[in-house]
Structures are given as structure tokens and as C-alpha cells.
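Okay, structure07.pdb is below, PDB, C-alpha atoms:
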```pdb
ATOM      1  CA  MET A  26      -8.244  -8.432 -30.095
ATOM      2  CA  ILE A  27      -7.203  -7.693 -26.508
ATOM      3  CA  ALA A  28      -9.039  -9.873 -23.992
ATOM      4  CA  ASN A  29      -9.007  -7.304 -21.180
ATOM      5  CA  PRO A  30      -8.069  -3.777 -22.272
ATOM      6  CA  LEU A  31      -8.124  -2.381 -18.713
ATOM      7  CA  GLN A  32      -5.685  -5.026 -17.470
ATOM      8  CA  SER A  33      -3.446  -4.430 -20.474
ATOM      9  CA  TYR A  34      -3.465  -0.687 -19.762
ATOM     10  CA  LYS A  35      -2.583  -1.276 -16.098
ATOM     11  CA  THR A  36       0.268  -3.601 -17.070
ATOM     12  CA  ILE A  37       1.677  -1.088 -19.549
ATOM     13  CA  SER A  38       1.301   1.726 -16.990
ATOM     14  CA  LEU A  39       3.288  -0.235 -14.429
ATOM     15  CA  GLN A  40       6.000  -1.132 -16.928
ATOM     16  CA  THR A  41       6.458   2.417 -18.175
ATOM     17  CA  ALA A  42       5.920   4.512 -15.031
ATOM     18  CA  PRO A  43       8.943   6.318 -13.573
ATOM     19  CA  PRO A  44      10.167   4.933 -10.199
ATOM     20  CA  GLY A  45       8.685   7.821  -8.208
ATOM     21  CA  GLN A  46       5.289   7.253  -9.790
ATOM     22  CA  LEU A  47       5.511   3.518  -9.047
ATOM     23  CA  VAL A  48       5.936   4.240  -5.332
ATOM     24  CA  LEU A  49       2.858   6.464  -5.446
ATOM     25  CA  MET A  50       0.928   3.696  -7.211
ATOM     26  CA  LEU A  51       2.018   1.189  -4.549
ATOM     27  CA  TYR A  52       0.743   3.449  -1.758
ATOM     28  CA  GLU A  53      -2.547   3.868  -3.611
ATOM     29  CA  GLY A  54      -2.870   0.107  -4.092
ATOM     30  CA  ALA A  55      -2.192  -0.686  -0.434
ATOM     31  CA  ILE A  56      -4.757   1.896   0.679
ATOM     32  CA  LYS A  57      -7.316   0.495  -1.782
ATOM     33  CA  PHE A  58      -6.856  -3.053  -0.436
ATOM     34  CA  LEU A  59      -7.135  -1.854   3.168
ATOM     35  CA  GLU A  60     -10.343   0.032   2.378
ATOM     36  CA  ARG A  61     -11.723  -3.215   0.925
ATOM     37  CA  ALA A  62     -10.633  -5.099   4.055
ATOM     38  CA  ARG A  63     -12.351  -2.505   6.198
ATOM     39  CA  MET A  64     -15.577  -2.850   4.199
ATOM     40  CA  GLY A  65     -15.248  -6.627   4.513
ATOM     41  CA  LEU A  66     -15.571  -6.330   8.296
ATOM     42  CA  GLU A  67     -19.212  -5.337   7.737
ATOM     43  CA  LEU A  68     -20.158  -8.518   5.859
ATOM     44  CA  ASP A  69     -22.751 -10.697   7.564
ATOM     45  CA  ASP A  70     -21.408 -14.077   6.460
ATOM     46  CA  PRO A  71     -18.484 -14.927   8.801
ATOM     47  CA  LEU A  72     -16.649 -16.979   6.163
ATOM     48  CA  GLU A  73     -16.979 -14.276   3.512
ATOM     49  CA  MET A  74     -15.958 -11.626   6.048
ATOM     50  CA  ASN A  75     -12.853 -13.541   7.125
ATOM     51  CA  GLU A  76     -11.794 -14.280   3.540
ATOM     52  CA  THR A  77     -12.364 -10.717   2.353
ATOM     53  CA  VAL A  78     -10.503  -9.156   5.262
ATOM     54  CA  HIS A  79      -7.662 -11.682   5.139
ATOM     55  CA  ASN A  80      -7.150 -11.524   1.367
ATOM     56  CA  ASN A  81      -7.136  -7.740   1.228
ATOM     57  CA  ILE A  82      -4.897  -7.259   4.270
ATOM     58  CA  THR A  83      -2.500  -9.820   2.812
ATOM     59  CA  ARG A  84      -2.366  -7.916  -0.476
ATOM     60  CA  ALA A  85      -1.651  -4.662   1.378
ATOM     61  CA  GLN A  86       1.061  -6.418   3.418
ATOM     62  CA  ASP A  87       2.649  -7.670   0.189
ATOM     63  CA  ILE A  88       2.803  -4.101  -1.126
ATOM     64  CA  ILE A  89       4.255  -2.739   2.126
ATOM     65  CA  ASN A  90       6.773  -5.585   2.139
ATOM     66  CA  GLU A  91       7.778  -4.668  -1.420
ATOM     67  CA  LEU A  92       8.209  -1.017  -0.428
ATOM     68  CA  HIS A  93      10.266  -2.152   2.558
ATOM     69  CA  ASN A  94      12.481  -4.498   0.555
ATOM     70  CA  THR A  95      13.265  -1.922  -2.121
ATOM     71  CA  LEU A  96      14.571   0.717   0.278
ATOM     72  CA  ASP A  97      18.162   1.673  -0.492
ATOM     73  CA  MET A  98      19.614   1.705   3.007
ATOM     74  CA  GLU A  99      23.022   2.931   1.832
ATOM     75  CA  GLN A 100      21.898   5.896  -0.228
ATOM     76  CA  GLY A 101      18.662   6.589   1.635
ATOM     77  CA  GLY A 102      20.358   7.632   4.854
ATOM     78  CA  LYS A 103      18.226   8.537   7.843
ATOM     79  CA  LEU A 104      15.009   8.620   5.801
ATOM     80  CA  ALA A 105      15.501   5.015   4.691
ATOM     81  CA  VAL A 106      15.997   3.938   8.318
ATOM     82  CA  VAL A 107      12.841   5.768   9.420
ATOM     83  CA  LEU A 108      10.815   4.304   6.548
ATOM     84  CA  SER A 109      12.194   0.825   7.259
ATOM     85  CA  ASP A 110      11.070   1.056  10.880
ATOM     86  CA  LEU A 111       7.686   2.445   9.840
ATOM     87  CA  TYR A 112       7.087  -0.272   7.245
ATOM     88  CA  ALA A 113       8.001  -2.966   9.795
ATOM     89  CA  TYR A 114       5.540  -1.415  12.256
ATOM     90  CA  LEU A 115       2.783  -1.231   9.623
ATOM     91  CA  GLU A 116       3.354  -4.871   8.709
ATOM     92  CA  ARG A 117       3.025  -5.875  12.400
ATOM     93  CA  ARG A 118      -0.154  -3.810  12.832
ATOM     94  CA  LEU A 119      -1.717  -5.463   9.804
ATOM     95  CA  PHE A 120      -0.675  -8.909  10.992
ATOM     96  CA  GLU A 121      -2.381  -8.254  14.351
ATOM     97  CA  SER A 122      -5.420  -6.699  12.679
ATOM     98  CA  ASN A 123      -5.790  -9.696  10.395
ATOM     99  CA  ILE A 124      -5.703 -12.144  13.288
ATOM    100  CA  ARG A 125      -8.129 -10.147  15.442
ATOM    101  CA  LYS A 126     -10.186  -8.703  12.564
ATOM    102  CA  ASP A 127      -9.502  -5.346  14.203
ATOM    103  CA  GLU A 128     -10.667  -2.245  12.361
ATOM    104  CA  ALA A 129      -8.575   0.152  14.477
ATOM    105  CA  GLY A 130      -5.298  -1.272  13.164
ATOM    106  CA  ILE A 131      -6.521  -1.139   9.576
ATOM    107  CA  VAL A 132      -7.623   2.485   9.994
ATOM    108  CA  GLU A 133      -4.276   3.414  11.570
ATOM    109  CA  VAL A 134      -2.333   1.916   8.659
ATOM    110  CA  ILE A 135      -4.621   3.625   6.122
ATOM    111  CA  ASP A 136      -4.005   6.957   7.867
ATOM    112  CA  ARG A 137      -0.234   6.506   7.906
ATOM    113  CA  LEU A 138      -0.102   5.325   4.288
ATOM    114  CA  THR A 139      -2.311   8.249   3.229
ATOM    115  CA  THR A 140       0.135  10.656   4.881
ATOM    116  CA  LEU A 141       3.033   8.981   3.059
ATOM    117  CA  GLN A 142       1.111   9.026  -0.216
ATOM    118  CA  GLU A 143       0.285  12.724   0.110
ATOM    119  CA  GLY A 144       3.887  13.580   0.963
ATOM    120  CA  TRP A 145       5.192  11.516  -1.930
ATOM    121  CA  ALA A 146       2.715  13.106  -4.365
ATOM    122  CA  GLU A 147       3.740  16.575  -3.188
ATOM    123  CA  MET A 148       7.426  15.732  -3.612
ATOM    124  CA  LEU A 149       6.823  14.450  -7.166
ATOM    125  CA  GLU A 150       4.830  17.557  -7.995
ATOM    126  CA  GLN A 151       7.618  19.821  -6.725
ATOM    127  CA  GLN A 152      10.178  17.837  -8.731
ATOM    128  CA  SER A 153       8.156  18.277 -11.908
ATOM    129  CA  VAL A 154       7.850  22.037 -11.316
ATOM    130  CA  THR A 155      11.601  22.465 -10.817
ATOM    131  CA  ALA A 156      12.530  20.159 -13.708
TER     132      ALA A 156
END
```
Take the structure in the file and write it out as C-alpha cells.
Amino acid sequence: MIANPLQSYKTISLQTAPPGQLVLMLYEGAIKFLERARMGLELDDPLEMNETVHNNITRAQDIINELHNTLDMEQGGKLAVVLSDLYAYLERRLFESNIRKDEAGIVEVIDRLTTLQEGWAEMLEQQSVTA
């Protein structure tokens, strides 16, 4: 018997998803963690608030770092350079937001990641239509 069917499904999904879908999943994950961090700012207990915000921002930073590190700078051309600069900026904003427990930086990164996610989803949809 499988101990945690949902976790097993998620693991299989990640292992079998095409690369384009993985990028979309990474954007979704980063946004989810940042939404949790944002909600954590409203917690009354200072220790719980700090831990919740820190842990979730750190998880989002890890995802953005992974996206950044997997860019193909040789084949990606100008787009890879722009994304590299953007990811570095987003990482800095989250670092500052984590230190200051600043909602504005979290919201800014969510907005930018949402734009990237929507663009990526549209590109994947267009690829599937033309395929």
C-alpha cells in the first residue's frame, strides 16, 4: 500500500512532465510559497510569523534560483540574458523582503512571476495547437 498517494502522484508528475510543463510547475510553486509567506505576515505570534515568512520565501528563492541556474545562456540568446537579470532581481527583492518582512517586495515578485507564468502557459498552449 502507498503511504501517501498524493505525494507519489506529485513525484511521478514531476518525473514524467515535459520540460516546458516543469517550468510552468516551478512558477506555480514559487507563487504558492510567496502567497503563503504573504499570509504569514498576518500571524499574531511573532515567532510563527517570522518562521512562516522566512521558510516560504526561502522555498520560493530556491525555485527561482533553480530557474536561474538552468537557463541555457548559449542557446537562449537575448531572452536568456533578460530572464537571468530578472531572476537575479527577484532573488534580491525576496532577500530584502525576508529581512524586513516587507509585503511590497513579496507582492511585486508574485506579480512578476504571475506574468511569466501566464506567458509561459500561453506559449505552451500555442505549441500544442501547432504541433
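Closest approach to Asn81 (chain A) among A:Val106, A:Met148, A:Leu66, A:Leu49 is made by A:Leu66 (distances from only C-alpha atoms).
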Can you work out which one of A:Leu72, A:Ile135, A:Ile88, A:Ile124 has the shortest atom-to-atom distance to Glu60 (chain A), counting all atoms listed in the file? A:Ile135
If the box runs along x, y and z of the file and leaves 6 Å on each side of region 59-77 of chain A, what are its centre and edge lengths in Å, one decimal, as lines of an AutoDock Vina configuration file?
```
center_x = -14.9
center_y = -8.5
center_z = 4.9
size_x = 27.6
size_y = 29.0
size_z = 19.9
```
Evaluating the PyMOL selection byres ((chain A and resi 95) around 12) on the displayed file yields which residues, as a CSV table (one decimal) with C-alpha atoms, in the coordinates of the input?
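Written output follows (part_12.csv):
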```csv
chain,number,residue,atom,x,y,z
A,44,PRO,CA,10.2,4.9,-10.2
A,47,LEU,CA,5.5,3.5,-9.0
A,48,VAL,CA,5.9,4.2,-5.3
A,51,LEU,CA,2.0,1.2,-4.5
A,88,ILE,CA,2.8,-4.1,-1.1
A,89,ILE,CA,4.3,-2.7,2.1
A,90,ASN,CA,6.8,-5.6,2.1
A,91,GLU,CA,7.8,-4.7,-1.4
A,92,LEU,CA,8.2,-1.0,-0.4
A,93,HIS,CA,10.3,-2.2,2.6
A,94,ASN,CA,12.5,-4.5,0.6
A,96,LEU,CA,14.6,0.7,0.3
A,97,ASP,CA,18.2,1.7,-0.5
A,98,MET,CA,19.6,1.7,3.0
A,99,GLU,CA,23.0,2.9,1.8
A,100,GLN,CA,21.9,5.9,-0.2
A,101,GLY,CA,18.7,6.6,1.6
A,105,ALA,CA,15.5,5.0,4.7
A,108,LEU,CA,10.8,4.3,6.5
A,109,SER,CA,12.2,0.8,7.3
A,112,TYR,CA,7.1,-0.3,7.2
```
On this structure, the PyMOL selection byres ((chain A and resi 114) around 12) would catch which residues? List them as a CSV table (one decimal) with C-alpha atoms, keeping the file's coordinate frame, sorted by chain and number.
```csv
chain,number,residue,atom,x,y,z
A,86,GLN,CA,1.1,-6.4,3.4
A,89,ILE,CA,4.3,-2.7,2.1
A,90,ASN,CA,6.8,-5.6,2.1
A,93,HIS,CA,10.3,-2.2,2.6
A,107,VAL,CA,12.8,5.8,9.4
A,108,LEU,CA,10.8,4.3,6.5
A,109,SER,CA,12.2,0.8,7.3
A,110,ASP,CA,11.1,1.1,10.9
A,111,LEU,CA,7.7,2.4,9.8
A,112,TYR,CA,7.1,-0.3,7.2
A,113,ALA,CA,8.0,-3.0,9.8
A,115,LEU,CA,2.8,-1.2,9.6
A,116,GLU,CA,3.4,-4.9,8.7
A,117,ARG,CA,3.0,-5.9,12.4
A,118,ARG,CA,-0.2,-3.8,12.8
A,119,LEU,CA,-1.7,-5.5,9.8
A,120,PHE,CA,-0.7,-8.9,11.0
A,121,GLU,CA,-2.4,-8.3,14.4
A,130,GLY,CA,-5.3,-1.3,13.2
A,133,GLU,CA,-4.3,3.4,11.6
A,134,VAL,CA,-2.3,1.9,8.7
A,137,ARG,CA,-0.2,6.5,7.9
A,138,LEU,CA,-0.1,5.3,4.3
```
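Across the structure, CA of Trp145 (chain A) and CA of Lys103 (chain A) are spaced 16.6 Å apart.
Going from CA of Ser122 (chain A) to CA of Gln142 (chain A) covers 21.4 Å.
Distances to Ala62 (chain A) were evaluated for A:Thr83, A:Gln46, A:Thr140, A:Gln152 using only C-alpha atoms, and the minimum falls at A:Thr83.
Atom pair CA of Ile82 (chain A) / CA of Glu67 (chain A) has a distance of 14.9 Å (rounded to one decimal).
Of the listed residues (A:Ser153, A:Glu73, A:Arg61, A:Lys126), A:Arg61 comes nearest to Ala85 (chain A); the distances count all atoms listed in the file.
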With N, CA and C atoms as the goal, would you fill in the gaps in region 131-154 of chain A and present it as a PDB file, in the frame of the given file?
```
ATOM      1  N   ILE A 131      -6.382  -1.398  11.013  1.00  0.00           N
ATOM      2  CA  ILE A 131      -6.521  -1.139   9.576  1.00  0.00           C
ATOM      3  C   ILE A 131      -6.620   0.362   9.331  1.00  0.00           C
ATOM      4  N   VAL A 132      -7.439   1.040  10.138  1.00  0.00           N
ATOM      5  CA  VAL A 132      -7.623   2.485   9.994  1.00  0.00           C
ATOM      6  C   VAL A 132      -6.299   3.218  10.257  1.00  0.00           C
ATOM      7  N   GLU A 133      -5.564   2.791  11.268  1.00  0.00           N
ATOM      8  CA  GLU A 133      -4.276   3.414  11.570  1.00  0.00           C
ATOM      9  C   GLU A 133      -3.318   3.296  10.386  1.00  0.00           C
ATOM     10  N   VAL A 134      -3.246   2.120   9.793  1.00  0.00           N
ATOM     11  CA  VAL A 134      -2.333   1.916   8.659  1.00  0.00           C
ATOM     12  C   VAL A 134      -2.802   2.736   7.458  1.00  0.00           C
ATOM     13  N   ILE A 135      -4.104   2.787   7.211  1.00  0.00           N
ATOM     14  CA  ILE A 135      -4.621   3.625   6.122  1.00  0.00           C
ATOM     15  C   ILE A 135      -4.205   5.077   6.340  1.00  0.00           C
ATOM     16  N   ASP A 136      -4.364   5.568   7.567  1.00  0.00           N
ATOM     17  CA  ASP A 136      -4.005   6.957   7.867  1.00  0.00           C
ATOM     18  C   ASP A 136      -2.521   7.222   7.619  1.00  0.00           C
ATOM     19  N   ARG A 137      -1.679   6.314   8.078  1.00  0.00           N
ATOM     20  CA  ARG A 137      -0.234   6.506   7.906  1.00  0.00           C
ATOM     21  C   ARG A 137       0.179   6.408   6.440  1.00  0.00           C
ATOM     22  N   LEU A 138      -0.414   5.450   5.716  1.00  0.00           N
ATOM     23  CA  LEU A 138      -0.102   5.325   4.288  1.00  0.00           C
ATOM     24  C   LEU A 138      -0.611   6.531   3.497  1.00  0.00           C
ATOM     25  N   THR A 139      -1.763   7.063   3.897  1.00  0.00           N
ATOM     26  CA  THR A 139      -2.311   8.249   3.229  1.00  0.00           C
ATOM     27  C   THR A 139      -1.377   9.438   3.421  1.00  0.00           C
ATOM     28  N   THR A 140      -0.828   9.582   4.618  1.00  0.00           N
ATOM     29  CA  THR A 140       0.135  10.656   4.881  1.00  0.00           C
ATOM     30  C   THR A 140       1.374  10.488   4.000  1.00  0.00           C
ATOM     31  N   LEU A 141       1.881   9.251   3.916  1.00  0.00           N
ATOM     32  CA  LEU A 141       3.033   8.981   3.059  1.00  0.00           C
ATOM     33  C   LEU A 141       2.703   9.265   1.594  1.00  0.00           C
ATOM     34  N   GLN A 142       1.539   8.825   1.167  1.00  0.00           N
ATOM     35  CA  GLN A 142       1.111   9.026  -0.216  1.00  0.00           C
ATOM     36  C   GLN A 142       1.022  10.517  -0.542  1.00  0.00           C
ATOM     37  N   GLU A 143       0.426  11.289   0.342  1.00  0.00           N
ATOM     38  CA  GLU A 143       0.285  12.724   0.110  1.00  0.00           C
ATOM     39  C   GLU A 143       1.652  13.404   0.055  1.00  0.00           C
ATOM     40  N   GLY A 144       2.542  13.020   0.959  1.00  0.00           N
ATOM     41  CA  GLY A 144       3.887  13.580   0.963  1.00  0.00           C
ATOM     42  C   GLY A 144       4.643  13.221  -0.299  1.00  0.00           C
ATOM     43  N   TRP A 145       4.505  11.982  -0.722  1.00  0.00           N
ATOM     44  CA  TRP A 145       5.192  11.516  -1.930  1.00  0.00           C
ATOM     45  C   TRP A 145       4.653  12.256  -3.157  1.00  0.00           C
ATOM     46  N   ALA A 146       3.330  12.408  -3.236  1.00  0.00           N
ATOM     47  CA  ALA A 146       2.715  13.106  -4.365  1.00  0.00           C
ATOM     48  C   ALA A 146       3.190  14.561  -4.405  1.00  0.00           C
ATOM     49  N   GLU A 147       3.274  15.189  -3.250  1.00  0.00           N
ATOM     50  CA  GLU A 147       3.740  16.575  -3.188  1.00  0.00           C
ATOM     51  C   GLU A 147       5.194  16.679  -3.646  1.00  0.00           C
ATOM     52  N   MET A 148       6.028  15.729  -3.208  1.00  0.00           N
ATOM     53  CA  MET A 148       7.426  15.732  -3.612  1.00  0.00           C
ATOM     54  C   MET A 148       7.550  15.572  -5.140  1.00  0.00           C
ATOM     55  N   LEU A 149       6.782  14.662  -5.714  1.00  0.00           N
ATOM     56  CA  LEU A 149       6.823  14.450  -7.166  1.00  0.00           C
ATOM     57  C   LEU A 149       6.358  15.694  -7.913  1.00  0.00           C
ATOM     58  N   GLU A 150       5.341  16.341  -7.373  1.00  0.00           N
ATOM     59  CA  GLU A 150       4.830  17.557  -7.995  1.00  0.00           C
ATOM     60  C   GLU A 150       5.890  18.661  -7.957  1.00  0.00           C
ATOM     61  N   GLN A 151       6.569  18.810  -6.845  1.00  0.00           N
ATOM     62  CA  GLN A 151       7.618  19.821  -6.725  1.00  0.00           C
ATOM     63  C   GLN A 151       8.783  19.503  -7.667  1.00  0.00           C
ATOM     64  N   GLN A 152       9.099  18.220  -7.811  1.00  0.00           N
ATOM     65  CA  GLN A 152      10.178  17.837  -8.731  1.00  0.00           C
ATOM     66  C   GLN A 152       9.823  18.189 -10.168  1.00  0.00           C
ATOM     67  N   SER A 153       8.555  17.992 -10.538  1.00  0.00           N
ATOM     68  CA  SER A 153       8.156  18.277 -11.908  1.00  0.00           C
ATOM     69  C   SER A 153       8.125  19.783 -12.176  1.00  0.00           C
ATOM     70  N   VAL A 154       7.863  20.586 -11.161  1.00  0.00           N
ATOM     71  CA  VAL A 154       7.850  22.037 -11.316  1.00  0.00           C
ATOM     72  C   VAL A 154       9.273  22.562 -11.498  1.00  0.00           C
TER      73      VAL A 154
END
```
